[in-house]
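What follows is run_17.tsv (TSV, C-alpha atoms and all ligand atoms).
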chain	number	residue	atom	x	y	z
A	9	MET	CA	-40.97	-6.09	-3.26
A	10	ASN	CA	-38.12	-8.29	-2.26
A	11	THR	CA	-39.10	-8.25	1.38
A	12	ASP	CA	-42.36	-10.11	0.63
A	13	LEU	CA	-40.31	-12.90	-0.72
A	14	PHE	CA	-38.52	-13.41	2.52
A	15	THR	CA	-41.26	-12.62	5.03
A	16	ASN	CA	-42.58	-16.15	5.50
A	17	ARG	CA	-39.09	-17.47	6.08
A	18	TYR	CA	-38.34	-14.58	8.41
A	19	SER	CA	-38.88	-16.00	11.87
A	20	VAL	CA	-36.96	-19.25	11.42
A	21	THR	CA	-34.00	-17.73	9.61
A	22	ALA	CA	-33.85	-14.80	12.00
A	23	VAL	CA	-33.76	-17.02	15.03
A	24	ILE	CA	-31.13	-19.33	13.55
A	25	ALA	CA	-28.99	-16.39	12.47
A	26	LEU	CA	-29.30	-14.72	15.84
A	27	LEU	CA	-28.47	-17.90	17.68
A	28	SER	CA	-25.32	-18.15	15.63
A	29	PHE	CA	-24.56	-14.50	16.38
A	30	ILE	CA	-24.99	-14.99	20.08
A	31	LEU	CA	-22.79	-18.09	20.09
A	32	GLY	CA	-20.20	-16.22	18.08
A	33	TYR	CA	-20.44	-13.31	20.44
A	34	LEU	CA	-20.07	-15.37	23.58
A	35	THR	CA	-17.19	-17.34	22.08
A	36	SER	CA	-15.41	-14.18	21.07
A	37	ARG	CA	-15.92	-12.79	24.60
A	38	MET	CA	-14.30	-15.86	26.13
A	39	GLY	CA	-11.04	-15.05	24.39
A	40	LYS	CA	-10.94	-11.58	25.90
A	41	ALA	CA	-9.91	-10.36	29.33
A	42	ARG	CA	-12.08	-11.66	32.12
A	43	GLY	CA	-13.16	-9.67	35.11
A	44	ALA	CA	-13.98	-6.53	33.21
A	45	GLN	CA	-17.52	-5.44	33.96
A	46	THR	CA	-18.63	-4.16	30.60
A	47	PRO	CA	-18.43	-7.41	28.64
A	48	GLU	CA	-20.68	-9.18	31.13
A	49	ARG	CA	-23.21	-6.42	30.87
A	50	GLY	CA	-22.86	-6.70	27.13
A	51	GLU	CA	-23.80	-10.35	27.39
A	52	GLN	CA	-26.87	-9.47	29.44
A	53	TYR	CA	-28.04	-7.01	26.82
A	54	TYR	CA	-27.36	-9.60	24.19
A	55	ILE	CA	-29.56	-12.17	25.90
A	56	LYS	CA	-32.24	-9.56	26.44
A	57	GLY	CA	-32.06	-8.66	22.78
A	58	LEU	CA	-32.49	-12.25	21.80
A	59	ASN	CA	-35.51	-12.63	24.07
A	60	TYR	CA	-37.15	-9.63	22.46
A	61	LEU	CA	-36.44	-11.11	19.11
A	62	LEU	CA	-38.05	-14.41	20.04
A	63	SER	CA	-41.19	-12.55	21.07
A	64	ASN	CA	-41.11	-10.69	17.76
A	65	GLU	CA	-40.29	-7.31	19.32
A	66	THR	CA	-37.67	-6.36	16.77
A	67	ASP	CA	-37.40	-2.69	17.74
A	68	LYS	CA	-36.71	-3.49	21.37
A	69	ALA	CA	-34.20	-6.14	20.29
A	70	ILE	CA	-32.43	-3.51	18.18
A	71	GLU	CA	-32.17	-1.19	21.20
A	72	GLU	CA	-30.44	-3.95	23.19
A	73	PHE	CA	-28.03	-4.72	20.39
A	74	ILE	CA	-27.14	-1.04	20.07
A	75	ARG	CA	-26.31	-1.06	23.79
A	76	VAL	CA	-24.00	-4.02	23.23
A	77	THR	CA	-22.15	-2.21	20.44
A	78	HIS	CA	-21.65	0.80	22.72
A	79	LEU	CA	-20.31	-1.30	25.57
A	80	ASP	CA	-18.23	-3.53	23.40
A	81	PRO	CA	-17.32	-1.75	20.18
A	82	ASP	CA	-14.45	-4.12	19.32
A	83	THR	CA	-16.41	-7.25	18.53
A	84	ILE	CA	-18.11	-7.32	15.16
A	85	GLU	CA	-20.68	-9.90	16.30
A	86	ALA	CA	-23.01	-7.35	17.82
A	87	TYR	CA	-22.82	-5.25	14.68
A	88	LEU	CA	-23.55	-8.21	12.46
A	89	GLY	CA	-26.56	-9.10	14.62
A	90	LEU	CA	-27.78	-5.55	14.45
A	91	GLY	CA	-27.27	-5.31	10.70
A	92	HIS	CA	-29.19	-8.52	10.27
A	93	LEU	CA	-32.09	-7.10	12.25
A	94	TYR	CA	-32.14	-3.90	10.19
A	95	ARG	CA	-32.23	-5.93	7.00
A	96	THR	CA	-35.01	-8.26	8.13
A	97	LYS	CA	-36.97	-5.16	9.12
A	98	GLY	CA	-36.54	-3.79	5.62
A	99	ASP	CA	-34.30	-0.93	6.76
A	100	PHE	CA	-31.71	-1.63	4.06
A	101	ASP	CA	-30.02	1.80	4.09
A	102	ARG	CA	-29.20	1.49	7.75
A	103	ALA	CA	-27.98	-2.11	7.37
A	104	ILE	CA	-25.75	-1.07	4.46
A	105	ARG	CA	-24.29	1.90	6.34
A	106	LEU	CA	-23.58	-0.26	9.36
A	107	HIS	CA	-21.90	-3.05	7.41
A	108	ARG	CA	-19.83	-0.61	5.37
A	109	SER	CA	-18.64	1.15	8.48
A	110	ILE	CA	-17.35	-2.04	10.13
A	111	LEU	CA	-15.85	-3.14	6.83
A	112	ALA	CA	-13.62	-0.08	6.95
A	113	ARG	CA	-11.91	-1.31	10.10
A	114	PRO	CA	-8.20	-1.86	9.51
A	115	ASP	CA	-7.73	-4.86	11.83
A	116	LEU	CA	-10.20	-7.33	10.28
A	117	ASN	CA	-9.03	-10.84	9.50
A	118	ASP	CA	-10.14	-12.70	6.34
A	119	LYS	CA	-12.90	-14.57	8.10
A	120	GLU	CA	-14.45	-11.45	9.55
A	121	ARG	CA	-14.10	-9.67	6.24
A	122	GLN	CA	-15.94	-12.49	4.50
A	123	ARG	CA	-18.78	-12.45	6.98
A	124	ILE	CA	-19.26	-8.70	6.72
A	125	LEU	CA	-19.11	-8.81	2.92
A	126	LEU	CA	-21.70	-11.61	2.87
A	127	ALA	CA	-23.98	-9.51	5.08
A	128	LEU	CA	-23.45	-6.42	2.93
A	129	GLY	CA	-24.13	-8.42	-0.22
A	130	ALA	CA	-27.37	-9.67	1.34
A	131	ASP	CA	-28.33	-6.03	2.13
A	132	TYR	CA	-27.76	-4.92	-1.46
A	133	LYS	CA	-29.60	-7.94	-2.79
A	134	SER	CA	-32.60	-7.34	-0.52
A	135	ALA	CA	-32.61	-3.67	-1.57
A	136	GLY	CA	-32.63	-4.72	-5.23
A	137	LEU	CA	-29.20	-3.13	-5.82
A	138	TRP	CA	-28.07	-6.10	-7.81
A	139	GLU	CA	-24.90	-4.80	-9.39
A	140	ARG	CA	-23.52	-3.77	-6.03
A	141	ALA	CA	-24.54	-7.10	-4.53
A	142	VAL	CA	-22.69	-8.91	-7.32
A	143	SER	CA	-19.55	-6.87	-6.81
A	144	VAL	CA	-19.58	-7.51	-3.06
A	145	PHE	CA	-20.21	-11.24	-3.48
A	146	LYS	CA	-17.35	-11.40	-5.96
A	147	GLN	CA	-15.10	-9.86	-3.31
A	148	VAL	CA	-16.04	-12.75	-1.02
A	149	LEU	CA	-15.01	-15.22	-3.71
A	150	GLY	CA	-11.76	-13.29	-4.05
A	151	ILE	CA	-11.01	-14.15	-0.43
A	152	ASN	CA	-12.46	-17.66	-0.56
A	153	PRO	CA	-13.45	-19.22	-3.92
A	154	ASN	CA	-15.00	-22.18	-2.10
A	155	LYS	CA	-17.65	-20.14	-0.33
A	156	ILE	CA	-20.34	-22.14	-2.09
A	157	GLU	CA	-23.43	-20.25	-0.96
A	158	VAL	CA	-22.10	-17.21	-2.81
A	159	TYR	CA	-22.50	-18.98	-6.15
A	160	GLN	CA	-26.15	-19.54	-5.37
A	161	GLU	CA	-26.61	-15.92	-4.38
A	162	LEU	CA	-24.98	-14.86	-7.64
A	163	ALA	CA	-27.10	-17.25	-9.71
A	164	ALA	CA	-30.27	-15.90	-8.07
A	165	ILE	CA	-29.29	-12.29	-8.78
A	166	TYR	CA	-28.33	-12.98	-12.39
A	167	GLU	CA	-31.66	-14.74	-12.88
A	168	GLU	CA	-33.47	-11.65	-11.59
A	169	GLU	CA	-31.46	-9.53	-14.01
A	170	ARG	CA	-32.24	-12.01	-16.79
A	171	ASN	CA	-28.50	-12.36	-17.33
A	172	TRP	CA	-28.88	-16.03	-18.18
A	173	GLN	CA	-25.32	-16.72	-19.25
A	174	GLU	CA	-23.83	-15.47	-16.01
A	175	ALA	CA	-26.54	-17.28	-14.05
A	176	PHE	CA	-25.54	-20.45	-15.89
A	177	LYS	CA	-21.87	-20.01	-14.98
A	178	ALA	CA	-22.67	-19.36	-11.32
A	179	GLN	CA	-25.02	-22.35	-11.15
A	180	GLN	CA	-22.39	-24.52	-12.80
A	181	GLN	CA	-19.78	-23.47	-10.24
A	182	TYR	CA	-22.24	-24.20	-7.47
A	183	ASP	CA	-23.07	-27.65	-8.84
A	184	LYS	CA	-19.39	-28.43	-9.39
A	185	ARG	CA	-18.45	-27.51	-5.85
A	186	THR	CA	-21.40	-29.14	-4.10
A	187	GLY	CA	-21.66	-32.19	-6.34
A	188	SER	CA	-25.35	-31.43	-6.84
A	189	LYS	CA	-26.71	-31.97	-10.32
A	190	GLN	CA	-29.53	-29.57	-11.01
A	191	LYS	CA	-29.58	-30.33	-14.70
A	192	ASN	CA	-33.05	-28.95	-15.25
A	193	ILE	CA	-31.95	-25.52	-14.01
A	194	LEU	CA	-28.83	-25.46	-16.18
A	195	ALA	CA	-30.92	-26.48	-19.19
A	196	HIS	CA	-33.49	-23.75	-18.51
A	197	LEU	CA	-30.75	-21.15	-18.25
A	198	GLN	CA	-29.33	-22.24	-21.62
A	199	THR	CA	-32.81	-22.17	-23.13
A	200	GLU	CA	-33.40	-18.64	-21.86
A	201	THR	CA	-30.03	-17.63	-23.36
A	202	GLY	CA	-31.22	-19.07	-26.67
A	203	LYS	CA	-34.59	-17.29	-26.56
A	204	GLU	CA	-32.89	-13.94	-26.02
A	205	ALA	CA	-30.47	-14.66	-28.85
A	206	ILE	CA	-33.45	-15.37	-31.15
A	207	ALA	CA	-35.00	-12.04	-30.14
A	208	ARG	CA	-31.77	-10.27	-31.08
A	209	GLY	CA	-31.49	-12.14	-34.36
A	210	GLU	CA	-28.38	-14.08	-33.26
A	211	ARG	CA	-29.53	-17.38	-34.69
A	212	ASP	CA	-26.29	-19.33	-34.49
A	213	LYS	CA	-25.90	-18.50	-30.86
A	214	ALA	CA	-29.53	-19.48	-30.22
A	215	HIS	CA	-29.10	-22.79	-32.02
A	216	LYS	CA	-26.05	-23.62	-29.92
A	217	ALA	CA	-27.79	-22.66	-26.69
A	218	PHE	CA	-30.89	-24.80	-27.37
A	219	LYS	CA	-28.74	-27.79	-28.33
A	220	SER	CA	-26.59	-27.35	-25.28
A	221	ALA	CA	-29.72	-27.22	-23.10
A	222	LEU	CA	-30.93	-30.52	-24.51
A	223	SER	CA	-27.56	-32.16	-24.12
A	224	ILE	CA	-27.54	-31.15	-20.46
A	225	ASP	CA	-31.14	-32.24	-19.83
A	226	PRO	CA	-32.80	-34.19	-22.65
A	227	SER	CA	-36.16	-33.84	-20.89
A	228	CYS	CA	-36.11	-30.01	-20.98
A	229	LEU	CA	-39.39	-29.40	-22.78
A	230	ASP	CA	-38.88	-25.69	-23.31
A	231	ALA	CA	-35.54	-26.34	-25.05
A	232	ALA	CA	-37.07	-28.98	-27.31
A	233	LEU	CA	-39.96	-26.69	-28.25
A	234	HIS	CA	-37.62	-23.86	-29.17
A	235	LEU	CA	-35.07	-25.97	-30.99
A	236	GLY	CA	-37.93	-27.34	-33.09
A	237	ASP	CA	-39.22	-23.82	-33.74
A	238	PHE	CA	-35.72	-22.89	-34.84
A	239	TYR	CA	-35.56	-25.76	-37.35
A	240	LEU	CA	-39.02	-25.05	-38.69
A	241	GLU	CA	-38.09	-21.41	-39.30
A	242	GLU	CA	-34.98	-22.63	-41.11
A	243	GLY	CA	-37.22	-24.74	-43.36
A	244	LYS	CA	-36.04	-27.99	-41.75
A	245	ALA	CA	-39.47	-29.43	-40.93
A	246	GLY	CA	-38.07	-32.97	-40.74
A	247	LYS	CA	-35.76	-32.07	-37.90
A	248	ALA	CA	-38.52	-30.22	-36.06
A	249	VAL	CA	-40.82	-33.23	-36.43
A	250	GLU	CA	-38.20	-35.56	-35.03
A	251	ILE	CA	-37.82	-33.48	-31.88
A	252	TRP	CA	-41.52	-32.88	-31.30
A	253	GLU	CA	-42.51	-36.48	-31.97
A	254	GLY	CA	-40.12	-37.37	-29.15
A	255	ILE	CA	-41.99	-35.07	-26.78
A	256	VAL	CA	-45.47	-36.20	-27.82
A	257	THR	CA	-44.62	-39.91	-27.74
A	258	GLN	CA	-43.20	-39.65	-24.24
A	259	ASP	CA	-46.43	-37.88	-23.16
A	260	ALA	CA	-44.51	-35.81	-20.60
A	261	PRO	CA	-46.37	-33.14	-18.58
A	262	PHE	CA	-47.15	-30.15	-20.82
A	263	ALA	CA	-46.29	-32.18	-23.95
A	264	TYR	CA	-49.42	-30.61	-25.49
A	265	LEU	CA	-47.31	-27.52	-26.13
A	266	ALA	CA	-45.86	-29.50	-29.04
A	267	TYR	CA	-49.20	-30.58	-30.61
A	268	ARG	CA	-49.92	-27.52	-32.72
A	269	ARG	CA	-46.29	-27.22	-33.67
A	270	LEU	CA	-46.17	-30.83	-34.76
A	271	GLU	CA	-49.38	-30.46	-36.75
A	272	LYS	CA	-47.89	-27.47	-38.59
A	273	ALA	CA	-44.61	-29.26	-39.28
A	274	TYR	CA	-46.47	-32.35	-40.61
A	275	PHE	CA	-48.53	-30.03	-42.75
A	276	GLU	CA	-45.41	-28.58	-44.32
A	277	GLN	CA	-44.40	-32.11	-45.23
A	278	ASN	CA	-47.87	-32.83	-46.68
A	279	ARG	CA	-48.51	-35.41	-43.96
A	280	TYR	CA	-52.01	-34.14	-43.16
A	281	ASP	CA	-53.28	-37.13	-41.21
A	282	ASP	CA	-50.22	-37.92	-39.16
A	283	ILE	CA	-51.11	-35.66	-36.26
A	284	ALA	CA	-54.35	-37.64	-35.72
A	285	LYS	CA	-52.51	-40.96	-35.89
A	286	MET	CA	-49.97	-39.69	-33.42
A	287	LEU	CA	-52.57	-38.41	-30.95
A	288	GLU	CA	-54.81	-41.47	-31.26
A	289	ASN	CA	-51.81	-43.44	-30.03
A	290	VAL	CA	-51.37	-41.02	-27.16
A	291	VAL	CA	-54.99	-41.31	-25.97
A	292	ALA	CA	-54.95	-45.07	-26.43
A	293	LYS	CA	-52.17	-45.17	-23.85
A	294	ASN	CA	-53.48	-42.32	-21.71
A	295	PRO	CA	-57.26	-41.89	-22.08
A	296	GLY	CA	-57.27	-38.96	-19.62
A	297	ASN	CA	-55.03	-36.76	-21.79
A	298	VAL	CA	-57.39	-33.80	-22.17
A	299	MET	CA	-55.30	-31.71	-24.55
A	300	ALA	CA	-54.76	-34.65	-26.91
A	301	ARG	CA	-58.55	-35.23	-26.93
A	302	VAL	CA	-59.24	-31.56	-27.60
A	303	THR	CA	-56.73	-31.43	-30.46
A	304	LEU	CA	-58.22	-34.59	-31.94
A	305	GLY	CA	-61.71	-33.12	-31.55
A	306	GLU	CA	-60.69	-30.07	-33.52
A	307	TYR	CA	-59.00	-32.19	-36.16
A	308	TYR	CA	-62.11	-34.36	-36.75
A	309	ALA	CA	-64.45	-31.36	-36.60
A	310	LYS	CA	-62.47	-29.69	-39.40
A	311	ARG	CA	-63.06	-32.81	-41.49
A	312	ASP	CA	-66.79	-32.94	-40.59
A	313	MET	CA	-66.34	-36.22	-38.74
A	314	VAL	CA	-68.88	-35.14	-36.11
A	315	PRO	CA	-69.30	-38.35	-34.04
A	316	GLU	CA	-65.50	-38.81	-33.74
A	317	ALA	CA	-65.01	-35.16	-32.80
A	318	LEU	CA	-67.77	-35.22	-30.16
A	319	ARG	CA	-66.55	-38.48	-28.73
A	320	HIS	CA	-63.08	-37.09	-28.02
A	321	LEU	CA	-64.36	-33.74	-26.76
A	322	ARG	CA	-66.79	-35.40	-24.34
A	323	GLU	CA	-64.06	-37.70	-23.12
A	324	ALA	CA	-62.01	-34.57	-22.46
A	325	LEU	CA	-64.87	-33.07	-20.45
A	326	SER	CA	-65.34	-36.22	-18.43
A	327	THR	CA	-61.73	-35.79	-17.25
A	328	GLN	CA	-61.78	-32.01	-17.03
A	329	PRO	CA	-65.28	-30.49	-16.95
A	330	ARG	CA	-63.83	-26.97	-16.99
A	331	SER	CA	-61.92	-27.34	-20.26
A	332	LEU	CA	-62.95	-24.14	-22.06
A	333	GLU	CA	-61.43	-25.33	-25.30
A	334	ALA	CA	-63.51	-28.53	-25.27
A	335	ARG	CA	-66.68	-26.56	-24.41
A	336	ARG	CA	-66.03	-24.06	-27.20
A	337	GLN	CA	-65.50	-26.74	-29.81
A	338	ILE	CA	-68.53	-28.75	-28.75
A	339	SER	CA	-70.71	-25.63	-28.98
A	340	GLN	CA	-69.40	-24.84	-32.45
A	341	ILE	CA	-70.09	-28.37	-33.69
A	342	LEU	CA	-73.62	-28.39	-32.21
A	343	VAL	CA	-74.48	-25.00	-33.69
A	344	ARG	CA	-73.03	-25.80	-37.09
A	345	ASN	CA	-74.98	-29.05	-37.26
A	346	HIS	CA	-78.25	-27.62	-35.82
A	347	MET	CA	-78.24	-30.11	-32.96
A	348	GLN	CA	-80.81	-28.09	-30.99
A	349	GLU	CA	-81.55	-30.49	-28.17
A	350	GLU	CA	-77.92	-31.25	-27.37
A	351	MET	CA	-77.14	-27.54	-27.55
A	352	GLU	CA	-79.60	-26.73	-24.76
A	353	LYS	CA	-78.18	-29.47	-22.59
A	354	GLU	CA	-74.62	-28.34	-23.21
A	355	TYR	CA	-75.52	-24.72	-22.52
A	356	SER	CA	-77.00	-25.30	-19.08
A	357	GLU	CA	-74.19	-27.68	-18.13
A	358	ALA	CA	-71.51	-25.24	-19.28
A	359	VAL	CA	-72.95	-22.30	-17.36
A	360	GLU	CA	-73.04	-24.44	-14.25
A	361	VAL	CA	-69.45	-25.59	-14.53
A	362	LEU	CA	-67.78	-22.47	-15.84
A	363	TYR	CA	-69.33	-20.01	-13.44
A	364	ALA	CA	-66.41	-19.87	-10.97
A	365	PRO	CA	-63.08	-18.42	-12.16
A	366	SER	CA	-60.16	-20.82	-12.24
A	367	GLU	CA	-56.39	-20.85	-11.82
A	368	PRO	CA	-55.32	-24.16	-13.26
A	369	TYR	CA	-51.60	-24.08	-12.41
A	370	THR	CA	-50.18	-24.68	-8.95
A	371	CYS	CA	-46.59	-24.41	-7.73
A	372	THR	CA	-45.73	-27.62	-5.92
A	373	ARG	CA	-43.12	-25.78	-3.88
A	374	CYS	CA	-44.84	-22.66	-2.58
A	375	GLY	CA	-48.47	-23.35	-3.49
A	376	LEU	CA	-48.89	-20.33	-5.78
A	377	LYS	CA	-51.93	-20.64	-8.04
A	378	ALA	CA	-51.69	-19.09	-11.48
A	379	LYS	CA	-53.64	-18.61	-14.67
A	380	ASP	CA	-50.60	-19.08	-16.88
A	381	LEU	CA	-47.87	-21.68	-17.00
A	382	SER	CA	-44.35	-20.55	-15.95
A	383	TRP	CA	-41.24	-22.67	-16.09
A	384	ARG	CA	-39.95	-20.63	-13.15
A	385	CYS	CA	-42.36	-19.83	-10.34
A	386	PRO	CA	-42.76	-16.03	-10.03
A	387	GLN	CA	-43.17	-16.35	-6.27
A	388	CYS	CA	-40.61	-18.83	-4.93
A	389	ARG	CA	-38.41	-18.71	-8.06
A	390	GLY	CA	-38.26	-22.52	-8.31
A	391	TRP	CA	-37.76	-24.07	-11.73
A	392	ASP	CA	-40.22	-26.70	-13.03
A	393	THR	CA	-42.44	-26.54	-9.98
A	394	PHE	CA	-45.82	-26.01	-11.74
A	395	THR	CA	-48.41	-28.71	-12.13
A	396	ALA	CA	-51.67	-28.45	-14.03
A	397	GLN	CA	-55.03	-29.44	-12.60
A	398	ASP	CA	-58.61	-28.56	-13.09
B	1	ZN	ZN	-43.48	-21.34	-6.18
Reformat the file's structure so that it appears as structure tokens.
Ligand SMILES: [Zn+2]
Amino acid sequence: MNTDLFTNRYSVTAVIALLSFILGYLTSRMGKARGAQTPERGEQYYIKGLNYLLSNETDKAIEEFIRVTHLDPDTIEAYLGLGHLYRTKGDFDRAIRLHRSILARPDLNDKERQRILLALGADYKSAGLWERAVSVFKQVLGINPNKIEVYQELAAIYEEERNWQEAFKAQQQYDKRTGSKQKNILAHLQTETGKEAIARGERDKAHKAFKSALSIDPSCLDAALHLGDFYLEEGKAGKAVEIWEGIVTQDAPFAYLAYRRLEKAYFEQNRYDDIAKMLENVVAKNPGNVMARVTLGEYYAKRDMVPEALRHLREALSTQPRSLEARRQISQILVRNHMQEEMEKEYSEAVEVLYAPSEPYTCTRCGLKAKDLSWRCPQCRGWDTFTAQD
């Protein structure tokens, strides 16, 4: 499962890694006694191995690297290159055995130790043995707390394990040490912490997590939605309204996720018409906002304001002909009001448009198309990479 994830990056990373191995190998050879025959032959095998690798003949490359380790068992470079090949081939057991065996050598210096541990951690991670990967990566940090890529490895593993709090800490360490500010990720991790706390009934903890998420990234929509939900459940409709009005007014992508919530919260405050006022403002500024049109259509239909409802729903269809929700509501209105002629027209148009299946969400990073919205792409694991389209 994990191998799929890495396959498309395989060739580039493999070549870069192997080039660094070969440089490391040649450099380490230069420090050793010259004139001996075996090292030179080792180099030849190394070059041969690399050539096989470049022509994608991994098995032959492995054979050459094994020869190098036999000729030159003292340098760890050849072993690291070999381990890397086993891992990229998906032979994790063999990679793990190899890295563990060189790790047991008594004469390793800190730098070598780090490199082997990093490789072993990568083996465990690729094999899905997350706890072991974490423990190995932590050993690297024990030697060198500034090994920044380790924090990213740890964050990625904790995310897979849905251990959001630890993922947050690792991401924070990474950001602190690199100076990068990936606020949206930190906010998502806090929001996920809050959602799990809600599921366990730990409401105080959830409240804190959602608030912390918003203080880190005020534009984190998921945090705002859930903090509002929290307030509404606590009977604080006013506070929920305040948060959701912020989202709807800004008309951010996916702000429609707040429409129904806002309508419900207004309702609890006996402000029955405010949702329409709010959304009329939104479409006045952004006439192509399909979800606002659809919500308005439903609102007017419920109040038997047929021309207003149809106007908004048809506007929605002119932007997004595939909007199922708009089609459904139009059909209901036409049937309910016995508008026979328009019904026939709508029917033939709808069949035409809706015939092909659709995946409206696309990941801007890896191109994945999906039926449902995810804050974190299930394929490339990027946060906030989805856009909506027809
Ligand atoms: Zn993606």
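Within the 8 Å cut-off around stretch 302-315 of chain A, using all atoms listed in the file and omitting residues fewer than 5 positions from it on the same chain, the listed residues are Tyr267, Ala284, Leu287, Glu288, His320, Leu321, Ala324, Glu333, Ala334, Gln337 and Ile341 of chain A.
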Quick one: residues within 9 Å of ligand ZN 1 (chain B), with only C-alpha atoms and all ligand atoms, as a JSON list (two decimals) with C-alpha atoms, in the coordinates of the input?
[["chain", "number", "residue", "atom", "x", "y", "z"],
["A", 370, "THR", "CA", -50.18, -24.68, -8.95],
["A", 371, "CYS", "CA", -46.59, -24.41, -7.73],
["A", 372, "THR", "CA", -45.73, -27.62, -5.92],
["A", 373, "ARG", "CA", -43.12, -25.78, -3.88],
["A", 374, "CYS", "CA", -44.84, -22.66, -2.58],
["A", 375, "GLY", "CA", -48.47, -23.35, -3.49],
["A", 376, "LEU", "CA", -48.89, -20.33, -5.78],
["A", 377, "LYS", "CA", -51.93, -20.64, -8.04],
["A", 384, "ARG", "CA", -39.95, -20.63, -13.15],
["A", 385, "CYS", "CA", -42.36, -19.83, -10.34],
["A", 386, "PRO", "CA", -42.76, -16.03, -10.03],
["A", 387, "GLN", "CA", -43.17, -16.35, -6.27],
["A", 388, "CYS", "CA", -40.61, -18.83, -4.93],
["A", 389, "ARG", "CA", -38.41, -18.71, -8.06],
["A", 390, "GLY", "CA", -38.26, -22.52, -8.31],
["A", 391, "TRP", "CA", -37.76, -24.07, -11.73],
["A", 393, "THR", "CA", -42.44, -26.54, -9.98],
["A", 394, "PHE", "CA", -45.82, -26.01, -11.74]]
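Compared by their closest atoms to A:Glu85, and using only C-alpha atoms, the residues A:Asn64, A:Lys56, A:Val142, A:Glu120 rank with A:Glu120 nearest.
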Checklist outcome for this item: Correct to one decimal, the distance atom CA of A:Asp118-atom CA of A:Leu79 is 24.6 Å
Checklist entry - Near A:Leu111, counting only C-alpha atoms, which residues have an atom at most 10 Å away, once you skip same-chain residues fewer than 2 positions from it, shown as a ChimeraX atom specification? => result /A:84,105-109,113-116,120-125,128
